[in-house]
$ cat start.cif   # mmCIF, C-alpha atoms
data_work
#
loop_
_atom_site.label_atom_id
_atom_site.label_comp_id
_atom_site.auth_asym_id
_atom_site.auth_seq_id
_atom_site.Cartn_x
_atom_site.Cartn_y
_atom_site.Cartn_z
CA MET A 1425 -29.57 14.83 15.35
CA ASP A 1426 -26.58 15.90 17.47
CA ASN A 1427 -24.84 12.61 16.72
CA ALA A 1428 -25.40 13.09 13.00
CA PHE A 1429 -23.83 16.55 13.19
CA GLU A 1430 -20.84 15.19 15.15
CA ILE A 1431 -20.24 12.55 12.45
CA LEU A 1432 -20.40 15.23 9.76
CA GLU A 1433 -18.05 17.50 11.71
CA ARG A 1434 -15.56 14.66 12.23
CA ASP A 1435 -15.44 13.77 8.55
CA ARG A 1436 -15.31 17.42 7.42
CA GLU A 1437 -12.19 18.07 9.48
CA GLY A 1438 -10.40 14.80 8.74
CA PHE A 1439 -8.18 16.33 6.04
CA MET A 1440 -6.64 18.71 8.58
CA ARG A 1441 -5.21 15.96 10.76
CA ALA A 1442 -3.98 14.01 7.75
CA SER A 1443 -2.26 17.12 6.38
CA VAL A 1444 -0.44 17.75 9.66
CA LEU A 1445 0.84 14.17 9.75
CA GLY A 1446 1.87 14.34 6.10
CA SER A 1447 3.91 17.50 6.60
CA MET A 1448 5.53 16.10 9.73
CA ALA A 1449 6.56 13.02 7.71
CA GLU A 1450 7.86 14.88 4.65
CA LEU A 1451 9.97 17.13 6.89
CA ASP A 1452 11.00 14.14 9.05
CA MET A 1453 10.39 16.22 12.17
CA ALA A 1454 10.07 13.34 14.63
CA THR A 1455 13.36 11.80 13.52
CA ARG A 1456 15.18 15.13 13.78
CA ILE A 1457 13.89 15.58 17.34
CA LEU A 1458 14.84 12.02 18.28
CA GLU A 1459 18.33 12.47 16.81
CA ALA A 1460 18.76 15.36 19.23
CA GLY A 1461 17.91 13.28 22.28
CA ASN A 1462 14.15 13.77 21.86
CA SER A 1463 14.25 17.43 22.82
CA LEU A 1464 14.32 20.45 20.49
CA THR A 1465 12.85 23.94 20.46
CA ALA A 1466 10.90 25.14 17.43
CA GLY A 1467 13.83 27.38 16.50
CA GLU A 1468 16.34 24.55 16.70
CA LEU A 1469 14.15 22.25 14.62
CA ALA A 1470 13.46 24.98 12.07
CA GLU A 1471 17.20 25.49 11.61
CA ARG A 1472 17.85 21.77 11.15
CA ALA A 1473 14.95 21.33 8.72
CA GLN A 1474 15.59 24.67 6.96
CA CYS A 1475 12.03 25.82 7.66
CA ASP A 1476 10.41 29.00 8.90
CA GLU A 1477 10.47 29.15 12.71
CA ARG A 1478 6.95 30.49 13.25
CA ALA A 1479 5.47 27.97 10.84
CA THR A 1480 7.47 25.16 12.45
CA GLN A 1481 6.10 26.06 15.86
CA CYS A 1482 2.57 26.15 14.47
CA LEU A 1483 2.96 22.61 13.11
CA LEU A 1484 4.62 21.34 16.28
CA ASP A 1485 1.85 22.76 18.45
CA ALA A 1486 -0.72 20.97 16.30
CA LEU A 1487 1.18 17.71 16.72
CA VAL A 1488 1.14 18.25 20.48
CA GLY A 1489 -2.57 19.00 20.36
CA MET A 1490 -3.20 15.81 18.39
CA GLY A 1491 -1.27 13.80 20.99
CA TYR A 1492 1.76 12.73 18.95
CA PHE A 1493 4.30 15.14 20.47
CA ALA A 1494 4.69 16.60 23.96
CA LYS A 1495 5.74 20.13 24.95
CA ASN A 1496 7.70 21.14 28.03
CA GLY A 1497 8.28 24.88 28.15
CA ALA A 1498 9.79 25.74 24.77
CA THR A 1499 11.00 22.22 23.91
CA TYR A 1500 9.20 19.50 22.02
CA SER A 1501 9.54 15.71 22.19
CA VAL A 1502 7.94 12.69 20.52
CA ARG A 1503 5.57 10.81 22.82
CA GLU A 1504 7.08 7.45 23.71
CA GLU A 1505 4.28 5.28 22.32
CA PHE A 1506 4.67 6.83 18.86
CA VAL A 1507 8.47 6.68 18.62
CA PRO A 1508 8.62 3.32 16.73
CA TYR A 1509 6.19 4.63 14.10
CA LEU A 1510 7.41 8.22 13.63
CA ASP A 1511 11.17 7.56 13.61
CA SER A 1512 12.11 7.08 9.94
CA ARG A 1513 15.11 4.94 11.01
CA ALA A 1514 12.98 2.37 12.86
CA HIS A 1515 11.90 -1.02 11.47
CA GLU A 1516 8.24 -0.30 12.28
CA THR A 1517 8.31 3.23 10.86
CA GLN A 1518 5.16 4.52 9.21
CA ILE A 1519 6.86 7.61 7.81
CA PRO A 1520 6.95 6.30 4.19
CA ILE A 1521 3.22 5.61 4.09
CA LEU A 1522 2.49 9.00 5.69
CA ARG A 1523 4.60 10.63 2.97
CA HIS A 1524 2.76 8.66 0.32
CA SER A 1525 -0.55 9.77 1.82
CA ALA A 1526 0.61 13.38 1.56
CA VAL A 1527 1.20 12.84 -2.16
CA LEU A 1528 -2.24 11.25 -2.56
CA ALA A 1529 -3.88 14.19 -0.78
CA ARG A 1530 -3.11 16.49 -3.71
CA ALA A 1531 -5.06 14.19 -6.02
CA TRP A 1532 -7.98 13.98 -3.58
CA ASN A 1533 -8.13 17.78 -3.59
CA ARG A 1534 -9.22 17.54 -7.25
CA LEU A 1535 -11.93 14.96 -6.60
CA SER A 1536 -14.81 17.15 -7.83
CA PHE A 1537 -13.01 17.68 -11.14
CA ALA A 1538 -12.30 13.96 -11.45
CA VAL A 1539 -15.98 13.15 -10.88
CA LYS A 1540 -16.99 15.81 -13.40
CA GLU A 1541 -14.62 14.52 -16.09
CA GLY A 1542 -14.30 10.85 -15.09
CA LYS A 1543 -10.51 10.81 -14.97
CA PRO A 1544 -7.53 11.93 -12.85
CA GLN A 1545 -6.45 15.53 -13.27
CA LYS A 1546 -3.07 16.60 -14.67
CA GLN A 1547 -2.56 18.75 -11.59
CA ASN A 1548 -2.42 15.51 -9.55
CA CYS A 1549 1.02 14.73 -10.96
CA GLN A 1550 2.83 17.45 -8.98
CA PRO A 1551 5.66 15.87 -6.95
CA GLY A 1552 5.86 16.21 -3.19
CA LEU A 1553 8.31 18.30 -1.18
CA LEU A 1554 10.99 15.60 -1.48
CA GLY A 1555 10.73 15.23 -5.26
CA PRO A 1556 9.44 12.50 -7.61
CA GLU A 1557 12.18 9.95 -6.89
CA GLN A 1558 11.56 10.10 -3.15
CA ASP A 1559 7.81 9.94 -3.81
CA ARG A 1560 8.40 6.64 -5.62
CA ILE A 1561 10.56 5.32 -2.79
CA SER A 1562 7.98 6.43 -0.23
CA PHE A 1563 5.33 4.44 -2.11
CA ILE A 1564 7.44 1.29 -2.22
CA MET A 1565 8.56 1.51 1.38
CA GLY A 1566 5.09 2.64 2.45
CA MET A 1567 3.63 -0.55 1.05
CA ASN A 1568 6.26 -2.41 3.04
CA SER A 1569 5.31 -0.45 6.18
CA VAL A 1570 1.71 -1.57 5.73
CA GLY A 1571 2.64 -5.07 4.63
CA VAL A 1572 4.79 -5.97 7.62
CA ARG A 1573 1.83 -5.24 9.89
CA LEU A 1574 -0.65 -7.21 7.78
CA VAL A 1575 1.34 -10.19 6.57
CA GLY A 1576 0.98 -12.36 9.68
CA GLY A 1577 -2.79 -12.07 9.65
CA VAL A 1578 -2.95 -12.64 5.90
CA LEU A 1579 -0.96 -15.89 6.16
CA SER A 1580 -3.10 -17.07 9.07
CA SER A 1581 -6.27 -16.43 7.07
CA MET A 1582 -4.81 -18.31 4.09
CA HIS A 1583 -4.10 -21.33 6.28
CA GLU A 1584 -7.62 -21.18 7.72
CA ALA A 1585 -9.06 -21.01 4.21
CA GLY A 1586 -6.99 -23.99 3.04
CA ILE A 1587 -5.00 -21.96 0.49
CA LEU A 1588 -1.83 -22.77 2.40
CA PRO A 1589 0.32 -24.72 2.93
CA LEU A 1590 1.49 -25.35 -0.60
CA ALA A 1591 3.27 -28.51 -1.72
CA GLU A 1592 6.66 -28.91 -0.07
CA ASP A 1593 8.64 -27.96 -3.18
CA ALA A 1594 6.19 -25.42 -4.62
CA ALA A 1595 7.45 -22.54 -6.75
CA ILE A 1596 5.85 -19.15 -6.03
CA LEU A 1597 5.62 -16.09 -8.29
CA ASP A 1598 5.05 -12.81 -6.43
CA VAL A 1599 3.70 -10.40 -9.08
CA GLY A 1600 4.52 -6.80 -8.25
CA GLY A 1601 6.21 -8.12 -5.12
CA ALA A 1602 8.07 -4.87 -4.36
CA SER A 1603 10.46 -5.34 -1.42
CA GLY A 1604 9.37 -8.96 -0.97
CA THR A 1605 7.30 -8.67 2.23
CA TYR A 1606 4.99 -11.54 1.24
CA THR A 1607 7.71 -13.55 -0.48
CA ARG A 1608 9.70 -13.50 2.74
CA ALA A 1609 6.66 -14.59 4.75
CA PHE A 1610 5.82 -17.45 2.36
CA LEU A 1611 9.37 -18.77 2.41
CA GLN A 1612 9.59 -18.61 6.20
CA ASP A 1613 6.21 -20.29 6.54
CA MET A 1614 6.96 -23.09 4.05
CA PRO A 1615 10.67 -24.04 4.22
CA GLY A 1616 10.72 -26.20 1.08
CA THR A 1617 9.37 -23.54 -1.27
CA THR A 1618 11.15 -21.16 -3.63
CA ALA A 1619 9.97 -17.84 -5.03
CA VAL A 1620 10.54 -15.25 -7.74
CA ILE A 1621 9.69 -11.57 -7.29
CA PHE A 1622 8.54 -9.81 -10.47
CA ASP A 1623 8.52 -6.01 -10.51
CA LEU A 1624 9.90 -2.93 -12.26
CA PRO A 1625 13.72 -2.80 -12.62
CA PRO A 1626 14.37 -0.12 -9.94
CA VAL A 1627 12.13 -1.97 -7.49
CA ILE A 1628 13.89 -5.27 -8.18
CA GLU A 1629 17.22 -3.63 -7.34
CA MET A 1630 15.79 -2.56 -3.98
CA ALA A 1631 14.45 -6.08 -3.37
CA LYS A 1632 17.84 -7.64 -4.17
CA LYS A 1633 19.52 -5.39 -1.61
CA GLY A 1634 16.89 -6.36 0.96
CA PHE A 1635 17.63 -10.07 0.55
CA ALA A 1636 21.42 -9.75 0.17
CA GLY A 1637 23.11 -11.82 2.88
CA ASP A 1638 19.76 -13.03 4.19
CA PRO A 1639 19.38 -16.77 4.99
CA LEU A 1640 16.52 -16.80 2.45
CA GLU A 1641 18.64 -15.33 -0.34
CA GLY A 1642 19.29 -18.67 -2.05
CA ARG A 1643 15.58 -19.41 -2.33
CA VAL A 1644 14.59 -16.10 -3.98
CA GLY A 1645 14.89 -15.20 -7.64
CA PHE A 1646 14.25 -11.82 -9.25
CA ALA A 1647 12.69 -10.92 -12.61
CA ALA A 1648 12.48 -7.33 -13.84
CA GLY A 1649 9.61 -6.19 -16.02
CA ASP A 1650 6.30 -4.36 -16.28
CA TYR A 1651 3.27 -6.61 -15.86
CA HIS A 1652 1.23 -4.14 -17.93
CA ARG A 1653 3.44 -4.80 -20.97
CA ASP A 1654 5.71 -7.79 -20.37
CA GLU A 1655 5.09 -11.50 -20.09
CA LEU A 1656 5.58 -13.08 -16.68
CA PRO A 1657 8.13 -15.84 -16.08
CA ALA A 1658 6.59 -19.33 -16.21
CA GLY A 1659 6.72 -22.65 -14.39
CA PHE A 1660 5.05 -21.83 -11.07
CA ASP A 1661 2.66 -23.66 -8.78
CA PHE A 1662 1.27 -20.54 -7.11
CA VAL A 1663 0.92 -16.96 -8.33
CA TRP A 1664 0.38 -14.22 -5.73
CA VAL A 1665 -1.26 -11.00 -7.00
CA SER A 1666 -1.33 -8.67 -4.01
CA ALA A 1667 -2.96 -5.21 -4.10
CA ILE A 1668 -2.62 -4.87 -7.88
CA ILE A 1669 -5.94 -5.29 -9.67
CA HIS A 1670 -7.40 -2.09 -8.17
CA GLN A 1671 -5.05 -0.19 -10.51
CA MET A 1672 -6.81 -1.70 -13.54
CA ASP A 1673 -10.01 -1.62 -15.54
CA ARG A 1674 -11.76 -4.88 -16.41
CA GLU A 1675 -9.90 -5.37 -19.70
CA GLU A 1676 -6.51 -4.85 -18.05
CA CYS A 1677 -7.46 -7.25 -15.26
CA VAL A 1678 -8.31 -9.99 -17.75
CA ARG A 1679 -4.99 -9.45 -19.54
CA LEU A 1680 -3.07 -9.79 -16.29
CA CYS A 1681 -5.02 -12.91 -15.35
CA LYS A 1682 -4.17 -14.45 -18.73
CA LYS A 1683 -0.47 -13.76 -18.08
CA CYS A 1684 -0.80 -15.37 -14.66
CA LEU A 1685 -2.48 -18.40 -16.26
CA ARG A 1686 0.46 -18.81 -18.64
CA ALA A 1687 2.89 -18.44 -15.71
CA LEU A 1688 1.30 -21.37 -13.85
CA LYS A 1689 1.81 -25.08 -14.27
CA PRO A 1690 -1.37 -27.09 -14.98
CA GLY A 1691 -3.39 -27.32 -11.78
CA GLY A 1692 -1.65 -24.29 -10.29
CA THR A 1693 -3.37 -21.64 -8.17
CA ILE A 1694 -3.76 -17.89 -8.48
CA ALA A 1695 -4.52 -15.91 -5.30
CA ILE A 1696 -5.63 -12.28 -5.56
CA ARG A 1697 -5.48 -10.07 -2.46
CA ASP A 1698 -7.46 -6.83 -2.62
CA PHE A 1699 -10.67 -5.20 -1.51
CA ILE A 1700 -13.56 -7.41 -2.61
CA MET A 1701 -16.80 -5.43 -2.68
CA ASP A 1702 -20.29 -6.78 -1.99
CA LYS A 1703 -22.95 -6.98 -4.71
CA SER A 1704 -24.10 -3.41 -4.08
CA ARG A 1705 -20.52 -2.06 -4.27
CA THR A 1706 -21.27 0.04 -1.14
CA ALA A 1707 -19.47 -2.18 1.37
CA PRO A 1708 -16.97 -2.38 2.89
CA CYS A 1709 -16.79 1.38 3.48
CA ALA A 1710 -12.99 1.30 3.33
CA GLY A 1711 -13.29 -0.20 -0.12
CA THR A 1712 -15.57 2.57 -1.36
CA LEU A 1713 -13.05 5.18 -0.20
CA PHE A 1714 -10.22 3.27 -1.84
CA GLY A 1715 -12.28 3.29 -5.03
CA ILE A 1716 -12.18 7.09 -4.84
CA ASN A 1717 -8.41 6.90 -4.37
CA MET A 1718 -8.18 5.00 -7.63
CA LEU A 1719 -10.57 7.40 -9.39
CA VAL A 1720 -8.36 10.41 -8.66
CA ASN A 1721 -5.04 8.63 -9.28
CA ARG A 1722 -5.37 5.92 -11.93
CA PRO A 1723 -7.20 6.01 -15.28
CA GLY A 1724 -9.59 3.07 -15.12
CA GLY A 1725 -8.59 2.18 -11.54
CA ARG A 1726 -11.40 0.71 -9.42
CA VAL A 1727 -12.39 -1.78 -6.76
CA PHE A 1728 -13.99 -5.07 -7.80
CA SER A 1729 -16.86 -7.21 -6.53
CA PHE A 1730 -16.29 -10.95 -6.28
CA ARG A 1731 -18.63 -11.48 -9.22
CA GLU A 1732 -16.44 -9.21 -11.37
CA ILE A 1733 -13.25 -10.93 -10.24
CA SER A 1734 -14.81 -14.34 -10.96
CA GLU A 1735 -15.89 -13.28 -14.44
CA ASP A 1736 -12.44 -11.91 -15.26
CA LEU A 1737 -10.69 -15.02 -13.97
CA GLU A 1738 -12.98 -17.29 -15.97
CA GLN A 1739 -12.59 -15.16 -19.10
CA ALA A 1740 -8.83 -15.57 -18.70
CA GLY A 1741 -9.19 -19.37 -18.57
CA PHE A 1742 -9.23 -20.12 -14.83
CA VAL A 1743 -11.76 -22.41 -13.18
CA GLN A 1744 -13.27 -22.76 -9.70
CA PRO A 1745 -13.06 -19.13 -8.51
CA VAL A 1746 -13.58 -18.91 -4.74
CA HIS A 1747 -13.98 -15.97 -2.35
CA ALA A 1748 -11.58 -17.72 -0.03
CA VAL A 1749 -11.00 -14.98 2.57
CA ASP A 1750 -13.97 -12.68 3.14
CA VAL A 1751 -12.90 -9.69 5.26
CA PRO A 1752 -13.83 -5.96 4.97
CA THR A 1753 -10.27 -4.86 4.20
CA MET A 1754 -7.73 -5.09 1.40
CA CYS A 1755 -6.83 -8.49 2.86
CA ALA A 1756 -9.76 -10.22 1.20
CA ILE A 1757 -8.57 -13.03 -1.11
CA ALA A 1758 -10.02 -14.69 -4.20
CA THR A 1759 -8.50 -17.86 -5.65
CA ALA A 1760 -8.90 -19.88 -8.85
CA GLN A 1761 -7.21 -22.83 -10.55
CA LYS A 1762 -5.52 -23.39 -13.86
CA PRO A 1763 -7.11 -26.48 -15.46
CA ALA A 1764 -4.99 -29.58 -14.95
#

$ encode --input "start.cif" --output "structure tokens"
Amino acid sequence: MDNAFEILERDREGFMRASVLGSMAELDMATRILEAGNSLTAGELAERAQCDERATQCLLDALVGMGYFAKNGATYSVREEFVPYLDSRAHETQIPILRHSAVLARAWNRLSFAVKEGKPQKQNCQPGLLGPEQDRISFIMGMNSVGVRLVGGVLSSMHEAGILPLAEDAAILDVGGASGTYTRAFLQDMPGTTAVIFDLPPVIEMAKKGFAGDPLEGRVGFAAGDYHRDELPAGFDFVWVSAIIHQMDREECVRLCKKCLRALKPGGTIAIRDFIMDKSRTAPCAGTLFGINMLVNRPGGRVFSFREISEDLEQAGFVQPVHAVDVPTMCAIATAQKPA
């Protein structure tokens, strides 16, 4: 019984820790401290961040209590092991995804209303402290923060499943490819391939800057558009649909799959990376929670079972759907073929 209570207590208080991290990220507190030689008082940080001093100290003390910061007298520092992740200037930074999580938290706060009405609430659309444009950038860069940590394992699992390698001169379409995390990995893994990233115009501009001057630049093309409304470019051997279908209802998923079918050459492959739920739709647990995230943020958004993905692929015209990578994370992969 005590263990059951401890589990309940842990989950009840989880929002507090997430809120502290989100505020630290939005105010970029760790970076400000690191810019000052990793030592600032609450008053000094409050002045730099244009915040209230007492409130700043309250947040800093919580970060010390949680183990992210250290305190020596009146000065605060970022603990060494967390520096690469909490410094917004660092390659491994997790600040964008923490900021994005802070934005999501406002939608989760209206979960009861979403369950009551079956749709996201208008109040969920309030921008974060940094404004709507920075919220959008935080989402894009947050996905990159997550992606760079996952991509090696994803490619390894695709090789183990026989999805990769592709033919030496294969053409790849990365649908909703954002900054090109997976495109970059595919091209590095398979030197003879080429790729096109398809995403919204502002995102494509960011991707172009990311590849400018890169040795891979000559092997990457860019196509701007909205996969909800626009047709995809065609002539590809492999279409990569990564962390996209959870934004859609079944009808929207079928429409996207049909666009992917038209984008492929005969015999080409579609690979969908996302949570893939079991028959009961109660596992993996992380998938059920992500389903809630979609409920409060996207009309019609959901997580899919493999049976549902298979049905949608087949309705779109694909054949031979396979649950190629079966893992309890968003790195599960389903594949299917365009008839030859």

$ residues_around --input "start.cif" --residues "Met1754 in chain A" --least-positions-apart "3" --cutoff "12 Å" --atoms "all atoms listed in the file" --output "short mmCIF file (atom, residue, chain, number, x, y, z; two decimals) with C-alpha atoms, in the frame of the given file"
data_model
loop_
_atom_site.label_atom_id
_atom_site.label_comp_id
_atom_site.auth_asym_id
_atom_site.auth_seq_id
_atom_site.Cartn_x
_atom_site.Cartn_y
_atom_site.Cartn_z
CA VAL A 1570 1.71 -1.57 5.73
CA GLY A 1571 2.64 -5.07 4.63
CA LEU A 1574 -0.65 -7.21 7.78
CA VAL A 1575 1.34 -10.19 6.57
CA GLY A 1577 -2.79 -12.07 9.65
CA VAL A 1578 -2.95 -12.64 5.90
CA SER A 1666 -1.33 -8.67 -4.01
CA ALA A 1667 -2.96 -5.21 -4.10
CA ILE A 1668 -2.62 -4.87 -7.88
CA ILE A 1669 -5.94 -5.29 -9.67
CA HIS A 1670 -7.40 -2.09 -8.17
CA ILE A 1696 -5.63 -12.28 -5.56
CA ARG A 1697 -5.48 -10.07 -2.46
CA ASP A 1698 -7.46 -6.83 -2.62
CA PHE A 1699 -10.67 -5.20 -1.51
CA ILE A 1700 -13.56 -7.41 -2.61
CA MET A 1701 -16.80 -5.43 -2.68
CA PRO A 1708 -16.97 -2.38 2.89
CA CYS A 1709 -16.79 1.38 3.48
CA ALA A 1710 -12.99 1.30 3.33
CA GLY A 1711 -13.29 -0.20 -0.12
CA THR A 1712 -15.57 2.57 -1.36
CA LEU A 1713 -13.05 5.18 -0.20
CA PHE A 1714 -10.22 3.27 -1.84
CA GLY A 1715 -12.28 3.29 -5.03
CA VAL A 1727 -12.39 -1.78 -6.76
CA PHE A 1728 -13.99 -5.07 -7.80
CA VAL A 1749 -11.00 -14.98 2.57
CA ASP A 1750 -13.97 -12.68 3.14
CA VAL A 1751 -12.90 -9.69 5.26
CA ILE A 1757 -8.57 -13.03 -1.11
CA ALA A 1758 -10.02 -14.69 -4.20
#

$ closest_residue --input "start.cif" --among "A:Val1665, A:Leu1624, A:Cys1755, A:Ala1760" --to "Gly1576 in chain A" --atoms "all atoms listed in the file"
A:Cys1755

$ closest_residue --input "start.cif" --among "A:Ser1447, A:Thr1455, A:Gln1550, A:Thr1499" --to "Arg1513 in chain A" --atoms "only C-alpha atoms"
A:Thr1455

$ closest_residue --input "start.cif" --among "A:Ile1587, A:Ala1594, A:Ile1521, A:Leu1528" --to "Phe1563 in chain A" --atoms "all atoms listed in the file"
A:Ile1521

$ residues_around --input "start.cif" --residues "range 1672-1684 of chain A" --least-positions-apart "6" --cutoff "10 Å" --atoms "all atoms listed in the file" --output "mmCIF file with C-alpha atoms, in the coordinates of the input"
data_model
loop_
_atom_site.group_PDB
_atom_site.id
_atom_site.type_symbol
_atom_site.label_atom_id
_atom_site.label_comp_id
_atom_site.auth_asym_id
_atom_site.auth_seq_id
_atom_site.Cartn_x
_atom_site.Cartn_y
_atom_site.Cartn_z
ATOM 1 C CA LEU A 1597 5.620 -16.090 -8.290
ATOM 2 C CA VAL A 1599 3.700 -10.400 -9.080
ATOM 3 C CA TYR A 1651 3.270 -6.610 -15.860
ATOM 4 C CA HIS A 1652 1.230 -4.140 -17.930
ATOM 5 C CA ARG A 1653 3.440 -4.800 -20.970
ATOM 6 C CA ASP A 1654 5.710 -7.790 -20.370
ATOM 7 C CA GLU A 1655 5.090 -11.500 -20.090
ATOM 8 C CA LEU A 1656 5.580 -13.080 -16.680
ATOM 9 C CA PRO A 1657 8.130 -15.840 -16.080
ATOM 10 C CA ALA A 1658 6.590 -19.330 -16.210
ATOM 11 C CA PHE A 1660 5.050 -21.830 -11.070
ATOM 12 C CA PHE A 1662 1.270 -20.540 -7.110
ATOM 13 C CA VAL A 1663 0.920 -16.960 -8.330
ATOM 14 C CA TRP A 1664 0.380 -14.220 -5.730
ATOM 15 C CA VAL A 1665 -1.260 -11.000 -7.000
ATOM 16 C CA GLY A 1692 -1.650 -24.290 -10.290
ATOM 17 C CA THR A 1693 -3.370 -21.640 -8.170
ATOM 18 C CA ILE A 1694 -3.760 -17.890 -8.480
ATOM 19 C CA ILE A 1696 -5.630 -12.280 -5.560
ATOM 20 C CA MET A 1718 -8.180 5.000 -7.630
ATOM 21 C CA ARG A 1722 -5.370 5.920 -11.930
ATOM 22 C CA PRO A 1723 -7.200 6.010 -15.280
ATOM 23 C CA GLY A 1724 -9.590 3.070 -15.120
ATOM 24 C CA GLY A 1725 -8.590 2.180 -11.540
ATOM 25 C CA ARG A 1726 -11.400 0.710 -9.420
ATOM 26 C CA VAL A 1727 -12.390 -1.780 -6.760
ATOM 27 C CA PHE A 1728 -13.990 -5.070 -7.800
ATOM 28 C CA GLU A 1732 -16.440 -9.210 -11.370
ATOM 29 C CA ILE A 1733 -13.250 -10.930 -10.240
ATOM 30 C CA GLU A 1735 -15.890 -13.280 -14.440
ATOM 31 C CA ASP A 1736 -12.440 -11.910 -15.260
ATOM 32 C CA LEU A 1737 -10.690 -15.020 -13.970
ATOM 33 C CA GLU A 1738 -12.980 -17.290 -15.970
ATOM 34 C CA GLN A 1739 -12.590 -15.160 -19.100
ATOM 35 C CA ALA A 1740 -8.830 -15.570 -18.700
ATOM 36 C CA GLY A 1741 -9.190 -19.370 -18.570
ATOM 37 C CA PHE A 1742 -9.230 -20.120 -14.830
ATOM 38 C CA LYS A 1762 -5.520 -23.390 -13.860
#

$ resolve_selection --input "start.cif" --expression "the PyMOL selection byres ((chain A and resi 1430-1446) around 12)" --output "PDB file with C-alpha atoms, keeping the file's coordinate frame"
ATOM      1  CA  MET A1425     -29.570  14.830  15.350  1.00  0.00           C
ATOM      2  CA  ASP A1426     -26.580  15.900  17.470  1.00  0.00           C
ATOM      3  CA  ASN A1427     -24.840  12.610  16.720  1.00  0.00           C
ATOM      4  CA  ALA A1428     -25.400  13.090  13.000  1.00  0.00           C
ATOM      5  CA  PHE A1429     -23.830  16.550  13.190  1.00  0.00           C
ATOM      6  CA  SER A1447       3.910  17.500   6.600  1.00  0.00           C
ATOM      7  CA  MET A1448       5.530  16.100   9.730  1.00  0.00           C
ATOM      8  CA  ALA A1449       6.560  13.020   7.710  1.00  0.00           C
ATOM      9  CA  GLU A1450       7.860  14.880   4.650  1.00  0.00           C
ATOM     10  CA  LEU A1451       9.970  17.130   6.890  1.00  0.00           C
ATOM     11  CA  ASP A1452      11.000  14.140   9.050  1.00  0.00           C
ATOM     12  CA  MET A1453      10.390  16.220  12.170  1.00  0.00           C
ATOM     13  CA  ALA A1454      10.070  13.340  14.630  1.00  0.00           C
ATOM     14  CA  ALA A1479       5.470  27.970  10.840  1.00  0.00           C
ATOM     15  CA  THR A1480       7.470  25.160  12.450  1.00  0.00           C
ATOM     16  CA  CYS A1482       2.570  26.150  14.470  1.00  0.00           C
ATOM     17  CA  LEU A1483       2.960  22.610  13.110  1.00  0.00           C
ATOM     18  CA  LEU A1484       4.620  21.340  16.280  1.00  0.00           C
ATOM     19  CA  ASP A1485       1.850  22.760  18.450  1.00  0.00           C
ATOM     20  CA  ALA A1486      -0.720  20.970  16.300  1.00  0.00           C
ATOM     21  CA  LEU A1487       1.180  17.710  16.720  1.00  0.00           C
ATOM     22  CA  VAL A1488       1.140  18.250  20.480  1.00  0.00           C
ATOM     23  CA  GLY A1489      -2.570  19.000  20.360  1.00  0.00           C
ATOM     24  CA  MET A1490      -3.200  15.810  18.390  1.00  0.00           C
ATOM     25  CA  GLY A1491      -1.270  13.800  20.990  1.00  0.00           C
ATOM     26  CA  TYR A1492       1.760  12.730  18.950  1.00  0.00           C
ATOM     27  CA  PHE A1493       4.300  15.140  20.470  1.00  0.00           C
ATOM     28  CA  TYR A1509       6.190   4.630  14.100  1.00  0.00           C
ATOM     29  CA  LEU A1510       7.410   8.220  13.630  1.00  0.00           C
ATOM     30  CA  GLN A1518       5.160   4.520   9.210  1.00  0.00           C
ATOM     31  CA  ILE A1519       6.860   7.610   7.810  1.00  0.00           C
ATOM     32  CA  PRO A1520       6.950   6.300   4.190  1.00  0.00           C
ATOM     33  CA  ILE A1521       3.220   5.610   4.090  1.00  0.00           C
ATOM     34  CA  LEU A1522       2.490   9.000   5.690  1.00  0.00           C
ATOM     35  CA  ARG A1523       4.600  10.630   2.970  1.00  0.00           C
ATOM     36  CA  HIS A1524       2.760   8.660   0.320  1.00  0.00           C
ATOM     37  CA  SER A1525      -0.550   9.770   1.820  1.00  0.00           C
ATOM     38  CA  ALA A1526       0.610  13.380   1.560  1.00  0.00           C
ATOM     39  CA  VAL A1527       1.200  12.840  -2.160  1.00  0.00           C
ATOM     40  CA  LEU A1528      -2.240  11.250  -2.560  1.00  0.00           C
ATOM     41  CA  ALA A1529      -3.880  14.190  -0.780  1.00  0.00           C
ATOM     42  CA  ARG A1530      -3.110  16.490  -3.710  1.00  0.00           C
ATOM     43  CA  TRP A1532      -7.980  13.980  -3.580  1.00  0.00           C
ATOM     44  CA  ASN A1533      -8.130  17.780  -3.590  1.00  0.00           C
ATOM     45  CA  GLY A1552       5.860  16.210  -3.190  1.00  0.00           C
ATOM     46  CA  LEU A1553       8.310  18.300  -1.180  1.00  0.00           C
ATOM     47  CA  LEU A1554      10.990  15.600  -1.480  1.00  0.00           C
ATOM     48  CA  SER A1562       7.980   6.430  -0.230  1.00  0.00           C
TER      49      SER A1562
END

$ resolve_selection --input "start.cif" --expression "the PyMOL selection byres ((chain A and resi 1621) around 6)" --output "PyMOL selection string"
chain A and resi 1598+1601+1620+1622+1646

$ atom_distance --input "start.cif" --atom1 "CA of Val1627 in chain A" --atom2 "CA of Gly1600 in chain A"
9.0 Å

$ closest_residue --input "start.cif" --among "A:Gln1474, A:Gln1761, A:Gln1545, A:Ser1704" --to "Asp1661 in chain A" --atoms "only C-alpha atoms"
A:Gln1761

$ residues_near_point --input "start.cif" --point "(10.1, -5.4, -12.8)" --cutoff "6 Å" --atoms "all atoms listed in the file" --output "PyMOL selection string"
chain A and resi 1622-1625+1628+1648-1650

$ residues_around --input "start.cif" --residues "Arg1534 in chain A" --least-positions-apart "2" --cutoff "9 Å" --atoms "only C-alpha atoms" --output "list in words"
Arg1530, Ala1531, Trp1532, Ser1536, Phe1537, Ala1538, Val1539, Pro1544, Gln1545, Gln1547, Asn1548 and Val1720 of chain A

$ atom_distance --input "start.cif" --atom1 "CA of Met1582 in chain A" --atom2 "CA of Glu1629 in chain A"
28.8 Å
